[in-house]
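Input: a single structure, listed below in structure tokens.
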Amino acid sequence: MRERMAERRSSRFQTPNSVGACSSWGVPARVSGKTTALRAICRSLIRQQAADAASKPALVLFDFKGDRETVNVVTAWAAQAGREGDVRELSLSSGHAYDFLAGFGGLTDVQEYAERLQFGCGPTNLRDTFWDEYRSGLFATALAFSYLLQLPRDFPAWSTHAASWLLADTPPPAQTKSVSEFERIVDALCPSAPRWAVAQFAKCTMKDWEGGLDSRTRSNVRATMANALRPLLDPKVQHLCRASGAGHVNIAEAIAQGQIVLVSIPSLLNPNLARLIGKALKADFYKAVFSRCDSPGTRHRLAVLVADEYHLSATVGGGLFDDAAALPLIRGFGAGVVAATQTLANLDYTIGLGARNVLLPNFNSVFFFRNAETETAGWASGLMGTREMEVEVRVKERDQGFFPGSSRERIIVRKVERPVCTLAELSRLEPGQAFIHRQFDPAPMGPVWLAEADVVSRAELKNVNKNIDPAQLV
């Protein structure tokens with residue numbers, strides 16, 4: 001039996017010169033062309049209306065490989081487009097910092113920042129949320145405590161102070177005095193004051209923690225707090241989240257002014273830092289986008305988040321900044337998210353299978369690069385659908401004429417429906433090839449070649465960074 005497609009198209013997918021609001025997803029394997037595709041999207045965004053200060057897009061790029069190559073390439077493209085002054089780099093070697101508590105304005109923000117402080121750690125027990133909820137309540141109490149007592153809000157100082165209280169067997173004398181002052185301030189608040197209930201909750205939680213818990217429960221809670229505080233006390237986290245940097249990365253400002261924010265962190269060496277920064281900056285991105293005025297006739301500046309190694313910044317099922325809730329709405333606010341991960345197993349490991357099933361249908365366009373994962377192939381097969389193929393079948397027929405013992409052979413051509421994308425086809429794609437599913441558009445009948453991004457010239461790249469070899473560029 002031999003198969004042939006009734007119609008096989010070999011085509012190229014060209015990155016558009018302009019990019020609109022979108023939600024896109026890429027699932028590649030290593031050395032598959034994913035980096036080239038992400039860079040092409042960034043290049044298009046940087047060049048789009050580059051000379052128009054009011055319309056040039058805002059770009060936030062998460063590069064959690066941290067190899068500096070993508071950062072240098074994107075910086076060079078920004079220089080080509082006359083946007084070198086728009087670039088803000090956030091890395092362990094850059095002068096910029098991310099002031100983690102910059103947006104904390106008081107008791108109204110307590111619950112939000114209690115959740116943000118847990119971005120660097122996972123849940124304690126998916127079946128029993130008591131420990132996570134109690135841990136969240138302690139973080140909310142620490143935030144309310146520091147606000148009402150007007151303690152320093154620099155993140156390294158705040159996190160160190162919180163740890164000294166939450167992890168101590170017995171509170172130090174200075175802490176006991178501060179607790180008495182905190183209780184006096186809360187008692188003096190008028191019940192009609194904004195967030196009075198938040199302050200009362202913090203007071204009750206603090207009383208329980210200072211002496212109302214039995215030793216075993218306190219020990220268990222302290223263990224969950226140690227798990228959450230460990231990423232916050234990491235020296236690299238404290239360095240990057242300081243308030244005393246030479247310059248600060250502010251996502252709301254970047255979106256308002258059309259800046260290019262490049263986040264480069266080697267996640268293999270610093271997984272806690274990558275998770276905490278990725279989720280916090282993405283929360284800032286959502287908050288800035290959805291806070292924009294949506295009056296009739298308003299045309300928002302395009303803002304796009306490109307999240308490589310997306311599983312490190314994905315948030316699904318939480319109270320705030322839920323990707324599954326934000327993605328269906330984000331296009332209406334003039335923004336989009338482009339996400340890429342090596343395998344679906346990465347997502348299952350970080351957010352769980354159920355959350356992954358909730359999240360993935362919210363992406364409008366999906367690129368499937370070379371991949372040998374069964375789950376990815378099953379998803380691709382379902383999205384890409386089927387194609388008509390001609391199957392040639394050789395049939396032997398017995399001669400009923402004068403020579404009954406003889407037979408003859410003929411070929412029958414039949415038309416059958418076969419999947420457009422199978423595991424075998426997906427695993428054999430060449431670097432730069434992909435199956436593409438775009439909502440409301442007919443899917444290509446076969447894999448397409450992605451047009452490669454323009455290569456930065458050697459002279460231009462040397463002007464940006466003389467330490468990188470241009471021959472290494474894709």
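Please note that chains go A, B, ... in the order of the structure tokens, that every chain numbers its residues from 1, and that ligands are numbered from 1 in the order shown.
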Quiz item: Within 7 Å of A:Lys65, counting only C-alpha atoms, which residues qualify if same-chain residues fewer than 3 places away don't, as a PyMOL selection string?
Solution: chain A and resi 265-267
Practice problem: Write out as a ChimeraX atom specification the residues lying within 9 Å of stretch 357-366 of chain A, counting only C-alpha atoms and excluding same-chain residues fewer than 3 positions away. | Solution: /A:22-27,316,323-325,327-328,337-338,352-354,380,383,435-440
Write the residues of the preceding selection, restricted to C-alpha atoms, as a CSV table (one decimal), in the first residue's frame.
```csv
chain,number,residue,atom,x,y,z
A,22,CYS,CA,-2.4,38.5,20.0
A,23,SER,CA,-2.0,35.4,22.2
A,24,SER,CA,0.5,33.0,20.7
A,25,TRP,CA,2.0,29.7,21.9
A,26,GLY,CA,5.1,27.8,20.7
A,27,VAL,CA,6.0,24.2,21.7
A,316,VAL,CA,-3.1,29.5,36.7
A,323,ASP,CA,-3.3,33.6,32.8
A,324,ALA,CA,-6.4,31.7,31.9
A,325,ALA,CA,-8.6,34.7,33.0
A,327,LEU,CA,-5.6,35.9,28.0
A,328,PRO,CA,-9.1,35.9,26.6
A,337,VAL,CA,1.3,37.4,25.1
A,338,VAL,CA,3.7,35.2,23.1
A,352,GLY,CA,-0.4,20.8,37.1
A,353,LEU,CA,-2.3,18.9,34.4
A,354,GLY,CA,-5.7,20.4,35.2
A,380,ALA,CA,-1.2,19.2,17.6
A,383,LEU,CA,-5.8,21.3,16.4
A,435,PHE,CA,3.0,23.2,12.1
A,436,ILE,CA,1.0,26.4,12.6
A,437,HIS,CA,-2.6,26.7,13.8
A,438,ARG,CA,-4.2,30.1,13.6
A,439,GLN,CA,-7.7,30.7,14.9
A,440,PHE,CA,-10.2,31.5,12.1
```
Find the nearest atom pair between each residue of stretch 213-301 of chain A and stretch 96-107 of chain A for residues within 6 Å, count only C-alpha atoms, give distances in Å to one decimal, sort rows by chain and ascending number, and present the table as CSV.
```
residue,atom,partner,partner_atom,distance
A:Leu240,CA,A:Ala97,CA,5.1
A:Cys241,CA,A:Tyr98,CA,4.7
A:Arg242,CA,A:Asp99,CA,5.5
A:Ala243,CA,A:Asp99,CA,4.8
A:Gly245,CA,A:Ala97,CA,5.1
A:Ala246,CA,A:His96,CA,6.0
A:Gly247,CA,A:His96,CA,4.6
A:His248,CA,A:Ala97,CA,4.8
A:Val249,CA,A:Tyr98,CA,5.4
```
Limited to N, CA and C atoms, could you put the picked residues into a file as a PDB file, in the first residue's frame?
```
ATOM      1  N   LEU A 240      18.713  41.835  43.094  1.00  0.00           N
ATOM      2  CA  LEU A 240      17.955  42.286  41.924  1.00  0.00           C
ATOM      3  C   LEU A 240      16.699  43.055  42.332  1.00  0.00           C
ATOM      4  N   CYS A 241      16.150  42.777  43.503  1.00  0.00           N
ATOM      5  CA  CYS A 241      14.897  43.409  43.936  1.00  0.00           C
ATOM      6  C   CYS A 241      15.119  44.601  44.862  1.00  0.00           C
ATOM      7  N   ARG A 242      16.309  45.111  44.904  1.00  0.00           N
ATOM      8  CA  ARG A 242      16.627  46.229  45.795  1.00  0.00           C
ATOM      9  C   ARG A 242      15.991  47.525  45.287  1.00  0.00           C
ATOM     10  N   ALA A 243      15.799  48.455  46.188  1.00  0.00           N
ATOM     11  CA  ALA A 243      15.245  49.761  45.819  1.00  0.00           C
ATOM     12  C   ALA A 243      16.331  50.780  45.534  1.00  0.00           C
ATOM     13  N   GLY A 245      18.892  50.600  43.249  1.00  0.00           N
ATOM     14  CA  GLY A 245      19.593  50.429  41.990  1.00  0.00           C
ATOM     15  C   GLY A 245      19.830  51.754  41.285  1.00  0.00           C
ATOM     16  N   ALA A 246      20.814  51.759  40.347  1.00  0.00           N
ATOM     17  CA  ALA A 246      21.091  52.971  39.577  1.00  0.00           C
ATOM     18  C   ALA A 246      19.880  53.358  38.730  1.00  0.00           C
ATOM     19  N   GLY A 247      19.145  52.371  38.280  1.00  0.00           N
ATOM     20  CA  GLY A 247      17.913  52.588  37.534  1.00  0.00           C
ATOM     21  C   GLY A 247      16.960  51.455  37.839  1.00  0.00           C
ATOM     22  N   HIS A 248      15.669  51.666  37.641  1.00  0.00           N
ATOM     23  CA  HIS A 248      14.683  50.645  37.973  1.00  0.00           C
ATOM     24  C   HIS A 248      13.848  50.289  36.749  1.00  0.00           C
ATOM     25  N   VAL A 249      13.491  49.022  36.677  1.00  0.00           N
ATOM     26  CA  VAL A 249      12.568  48.552  35.652  1.00  0.00           C
ATOM     27  C   VAL A 249      11.158  48.704  36.187  1.00  0.00           C
TER      28      VAL A 249
END
```
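Distance annotation: of A:Gln80, A:Thr124, A:Ser264, A:Thr315, the residue with the minimal separation from A:Ile46 is A:Gln80; atom set is only C-alpha atoms.
For A:Ser136, the set of protein, DNA and RNA residues having any atom at most 10 Å away, when counting only C-alpha atoms and skipping those fewer than 2 positions along the same chain, is Gln111, Tyr113, Ala114, Glu115, Arg116, Leu117, Gln118, Phe130, Trp131, Asp132, Glu133, Tyr134, Leu138, Phe139, Ala140, Thr141, Ala142, Met225 and Ala228 of chain A.
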Quiz item: Distance atom CA of A:Gly432-atom CA of A:Ala340, one decimal place?
Solution: 14.8 Å
Quiz item: Taking into account only C-alpha atoms, which residue in the set A:Gly33, A:Pro194, A:Pro431, A:Gly334 is nearest to A:Ile255?
Solution: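 Answer, going by the shortest atom-to-atom distance: A:Gly334.
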Quiz item: Pick the closest to A:Asp187 from A:Asn220, A:His311, A:Ile41, A:Leu148: which is it, counting only C-alpha atoms?
Solution: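 Closest to A:Asp187 of all the choices is A:Leu148.
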Quiz item: If you run DSSP on the backbone, which residues of stretch 14-182 of chain A are strand (DSSP E), as a PyMOL selection string?
Solution: chain A and resi 23-27+58-63+87-90+96-97
Would you mind exporting the chosen residues as a JSON list (two decimals), in the first residue's frame, restricted to N, CA and C atoms?
```json
[["chain", "number", "residue", "atom", "x", "y", "z"],
["A", 23, "SER", "N", -2.43, 36.39, 21.17],
["A", 23, "SER", "CA", -1.99, 35.42, 22.16],
["A", 23, "SER", "C", -1.45, 34.23, 21.39],
["A", 24, "SER", "N", -0.15, 34.01, 21.45],
["A", 24, "SER", "CA", 0.48, 32.96, 20.65],
["A", 24, "SER", "C", 1.24, 32.01, 21.56],
["A", 25, "TRP", "N", 1.41, 30.79, 21.07],
["A", 25, "TRP", "CA", 2.05, 29.73, 21.85],
["A", 25, "TRP", "C", 2.98, 28.94, 20.95],
["A", 26, "GLY", "N", 4.14, 28.59, 21.47],
["A", 26, "GLY", "CA", 5.07, 27.75, 20.72],
["A", 26, "GLY", "C", 5.53, 26.59, 21.57],
["A", 27, "VAL", "N", 5.52, 25.38, 20.99],
["A", 27, "VAL", "CA", 5.98, 24.19, 21.71],
["A", 27, "VAL", "C", 7.09, 23.56, 20.89],
["A", 58, "ALA", "N", 5.37, 48.69, 23.03],
["A", 58, "ALA", "CA", 6.14, 48.32, 24.22],
["A", 58, "ALA", "C", 6.39, 46.82, 24.20],
["A", 59, "LEU", "N", 7.61, 46.42, 24.50],
["A", 59, "LEU", "CA", 7.99, 45.01, 24.46],
["A", 59, "LEU", "C", 8.63, 44.61, 25.78],
["A", 60, "VAL", "N", 8.15, 43.49, 26.34],
["A", 60, "VAL", "CA", 8.76, 42.89, 27.53],
["A", 60, "VAL", "C", 9.17, 41.47, 27.14],
["A", 61, "LEU", "N", 10.46, 41.18, 27.23],
["A", 61, "LEU", "CA", 10.99, 39.88, 26.80],
["A", 61, "LEU", "C", 11.60, 39.16, 27.98],
["A", 62, "PHE", "N", 11.13, 37.92, 28.23],
["A", 62, "PHE", "CA", 11.73, 37.05, 29.24],
["A", 62, "PHE", "C", 12.70, 36.09, 28.56],
["A", 63, "ASP", "N", 13.98, 36.24, 28.82],
["A", 63, "ASP", "CA", 14.99, 35.33, 28.30],
["A", 63, "ASP", "C", 15.60, 34.58, 29.48],
["A", 87, "VAL", "N", 15.72, 50.84, 25.64],
["A", 87, "VAL", "CA", 16.05, 49.52, 26.19],
["A", 87, "VAL", "C", 16.34, 49.62, 27.68],
["A", 88, "ARG", "N", 15.72, 48.72, 28.44],
["A", 88, "ARG", "CA", 15.98, 48.55, 29.87],
["A", 88, "ARG", "C", 16.31, 47.09, 30.11],
["A", 89, "GLU", "N", 17.51, 46.80, 30.55],
["A", 89, "GLU", "CA", 17.92, 45.41, 30.78],
["A", 89, "GLU", "C", 17.90, 45.10, 32.28],
["A", 90, "LEU", "N", 17.27, 43.99, 32.62],
["A", 90, "LEU", "CA", 17.23, 43.52, 34.00],
["A", 90, "LEU", "C", 17.95, 42.18, 34.08],
["A", 96, "HIS", "N", 20.39, 48.02, 36.36],
["A", 96, "HIS", "CA", 18.98, 48.19, 36.72],
["A", 96, "HIS", "C", 18.56, 47.18, 37.78],
["A", 97, "ALA", "N", 17.57, 47.57, 38.56],
["A", 97, "ALA", "CA", 16.99, 46.70, 39.58],
["A", 97, "ALA", "C", 15.47, 46.74, 39.44]]
```
What's around A:Gly258 at 8 Å? Count only C-alpha atoms, leave out sequence neighbours fewer than 3 positions away in its own chain, and write the answer as a PDB file with N, CA and C atoms, in the first residue's frame.
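As a result, result_2.pdb now contains:
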```pdb
ATOM      1  N   ALA A  53       6.788  58.358  18.578  1.00  0.00           N
ATOM      2  CA  ALA A  53       6.905  58.209  20.027  1.00  0.00           C
ATOM      3  C   ALA A  53       5.591  57.834  20.685  1.00  0.00           C
ATOM      4  N   ALA A  54       4.467  58.211  20.075  1.00  0.00           N
ATOM      5  CA  ALA A  54       3.161  57.943  20.669  1.00  0.00           C
ATOM      6  C   ALA A  54       2.630  56.556  20.331  1.00  0.00           C
ATOM      7  N   SER A  55       3.190  55.916  19.300  1.00  0.00           N
ATOM      8  CA  SER A  55       2.628  54.652  18.829  1.00  0.00           C
ATOM      9  C   SER A  55       3.600  53.483  18.860  1.00  0.00           C
ATOM     10  N   LYS A  56       4.875  53.718  19.060  1.00  0.00           N
ATOM     11  CA  LYS A  56       5.832  52.607  19.042  1.00  0.00           C
ATOM     12  C   LYS A  56       5.463  51.582  20.115  1.00  0.00           C
ATOM     13  N   PRO A  57       5.490  50.296  19.782  1.00  0.00           N
ATOM     14  CA  PRO A  57       5.036  49.265  20.732  1.00  0.00           C
ATOM     15  C   PRO A  57       5.954  49.146  21.948  1.00  0.00           C
ATOM     16  N   ALA A  58       5.374  48.688  23.028  1.00  0.00           N
ATOM     17  CA  ALA A  58       6.144  48.325  24.222  1.00  0.00           C
ATOM     18  C   ALA A  58       6.387  46.822  24.195  1.00  0.00           C
ATOM     19  N   LEU A  59       7.612  46.419  24.503  1.00  0.00           N
ATOM     20  CA  LEU A  59       7.989  45.009  24.457  1.00  0.00           C
ATOM     21  C   LEU A  59       8.628  44.608  25.776  1.00  0.00           C
ATOM     22  N   ASP A  86      15.372  53.269  24.444  1.00  0.00           N
ATOM     23  CA  ASP A  86      14.190  52.641  25.049  1.00  0.00           C
ATOM     24  C   ASP A  86      14.511  51.363  25.806  1.00  0.00           C
ATOM     25  N   ALA A 254       7.070  51.396  31.310  1.00  0.00           N
ATOM     26  CA  ALA A 254       7.507  50.867  30.014  1.00  0.00           C
ATOM     27  C   ALA A 254       6.353  50.820  29.020  1.00  0.00           C
ATOM     28  N   ILE A 255       5.177  50.406  29.477  1.00  0.00           N
ATOM     29  CA  ILE A 255       4.014  50.337  28.589  1.00  0.00           C
ATOM     30  C   ILE A 255       3.542  51.732  28.211  1.00  0.00           C
ATOM     31  N   ARG A 301      -1.552  52.007  23.061  1.00  0.00           N
ATOM     32  CA  ARG A 301      -0.250  51.595  22.549  1.00  0.00           C
ATOM     33  C   ARG A 301      -0.152  50.068  22.631  1.00  0.00           C
ATOM     34  N   ALA A 303       1.207  46.632  23.453  1.00  0.00           N
ATOM     35  CA  ALA A 303       2.138  46.113  24.462  1.00  0.00           C
ATOM     36  C   ALA A 303       2.153  44.597  24.351  1.00  0.00           C
TER      37      ALA A 303
END
```
Quiz prompt | Residue nearest A:Lys279 - candidates A:Gly336, A:Ala202, A:Ala193, A:Phe321, atoms counted: only C-alpha atoms | solution = A:Phe321
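If you measure from each of A:Thr343, A:Ser164, A:Ser180, A:Ser91 to A:His239 using only C-alpha atoms, the closest one turns out to be A:Ser91.
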Self-check item: helix (DSSP H, G or I) residues, from DSSP on the backbone, in stretch 104-285 of chain A, as a count of residues only
Solution: 120
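The spacing separating atom CA of A:Ala377 from atom CA of A:Val448 amounts to 16.5 Å.
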Quiz item: Counting only C-alpha atoms, what is within 10 Å of stretch 204-211 of chain A, bar same-chain residues fewer than 6 positions away, as an MDAnalysis selection string?
Solution: chainID A and resid 134 137:138 140:142 145 165:166 169:171 176 179 182:183 218 221
Any idea what's packed within 12 Å of A:Asn270, counting only C-alpha atoms, ignoring anything in its chain fewer than 6 positions away? Could you give it as a PDB file with N, CA and C atoms, in the first residue's frame?
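File around-v8.pdb, as written:
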```
ATOM      1  N   PHE A  64      15.026  33.423  29.787  1.00  0.00           N
ATOM      2  CA  PHE A  64      15.476  32.684  30.955  1.00  0.00           C
ATOM      3  C   PHE A  64      16.552  31.646  30.629  1.00  0.00           C
ATOM      4  N   LYS A  65      17.091  31.695  29.415  1.00  0.00           N
ATOM      5  CA  LYS A  65      18.339  30.966  29.167  1.00  0.00           C
ATOM      6  C   LYS A  65      19.497  31.754  29.764  1.00  0.00           C
ATOM      7  N   GLY A  66      19.394  33.088  29.648  1.00  0.00           N
ATOM      8  CA  GLY A  66      20.404  33.945  30.255  1.00  0.00           C
ATOM      9  C   GLY A  66      21.760  33.869  29.607  1.00  0.00           C
ATOM     10  N   SER A  91      19.126  42.184  34.651  1.00  0.00           N
ATOM     11  CA  SER A  91      19.918  40.965  34.808  1.00  0.00           C
ATOM     12  C   SER A  91      20.830  41.147  36.001  1.00  0.00           C
ATOM     13  N   LEU A  92      21.521  40.069  36.361  1.00  0.00           N
ATOM     14  CA  LEU A  92      22.422  40.130  37.510  1.00  0.00           C
ATOM     15  C   LEU A  92      23.638  40.998  37.242  1.00  0.00           C
ATOM     16  N   GLY A 120       7.710  32.819  44.256  1.00  0.00           N
ATOM     17  CA  GLY A 120       8.935  32.034  44.122  1.00  0.00           C
ATOM     18  C   GLY A 120       8.838  30.625  44.644  1.00  0.00           C
ATOM     19  N   PRO A 231      13.238  31.589  48.884  1.00  0.00           N
ATOM     20  CA  PRO A 231      13.542  32.343  47.659  1.00  0.00           C
ATOM     21  C   PRO A 231      13.712  33.835  47.912  1.00  0.00           C
ATOM     22  N   ASP A 234      17.257  34.704  49.171  1.00  0.00           N
ATOM     23  CA  ASP A 234      18.372  34.397  48.278  1.00  0.00           C
ATOM     24  C   ASP A 234      19.139  35.694  47.989  1.00  0.00           C
ATOM     25  N   PRO A 235      20.467  35.709  48.154  1.00  0.00           N
ATOM     26  CA  PRO A 235      21.244  36.941  47.920  1.00  0.00           C
ATOM     27  C   PRO A 235      21.039  37.538  46.524  1.00  0.00           C
ATOM     28  N   LYS A 236      20.869  36.692  45.518  1.00  0.00           N
ATOM     29  CA  LYS A 236      20.675  37.208  44.159  1.00  0.00           C
ATOM     30  C   LYS A 236      19.291  37.846  44.019  1.00  0.00           C
ATOM     31  N   VAL A 237      18.292  37.270  44.685  1.00  0.00           N
ATOM     32  CA  VAL A 237      16.960  37.869  44.673  1.00  0.00           C
ATOM     33  C   VAL A 237      17.000  39.228  45.353  1.00  0.00           C
ATOM     34  N   LEU A 240      18.713  41.835  43.094  1.00  0.00           N
ATOM     35  CA  LEU A 240      17.955  42.286  41.924  1.00  0.00           C
ATOM     36  C   LEU A 240      16.699  43.055  42.332  1.00  0.00           C
ATOM     37  N   SER A 264      16.964  39.008  31.514  1.00  0.00           N
ATOM     38  CA  SER A 264      17.881  37.910  31.197  1.00  0.00           C
ATOM     39  C   SER A 264      18.387  37.291  32.486  1.00  0.00           C
ATOM     40  N   LEU A 276      10.322  34.042  40.561  1.00  0.00           N
ATOM     41  CA  LEU A 276       9.830  35.205  41.289  1.00  0.00           C
ATOM     42  C   LEU A 276       9.761  36.433  40.392  1.00  0.00           C
ATOM     43  N   ILE A 277      10.833  36.707  39.655  1.00  0.00           N
ATOM     44  CA  ILE A 277      10.876  37.887  38.793  1.00  0.00           C
ATOM     45  C   ILE A 277       9.913  37.737  37.624  1.00  0.00           C
ATOM     46  N   GLY A 278       9.873  36.541  37.018  1.00  0.00           N
ATOM     47  CA  GLY A 278       8.986  36.330  35.871  1.00  0.00           C
ATOM     48  C   GLY A 278       7.526  36.540  36.230  1.00  0.00           C
ATOM     49  N   LEU A 312       8.053  28.921  33.726  1.00  0.00           N
ATOM     50  CA  LEU A 312       8.614  29.586  34.892  1.00  0.00           C
ATOM     51  C   LEU A 312       7.775  30.785  35.339  1.00  0.00           C
TER      52      LEU A 312
END
```
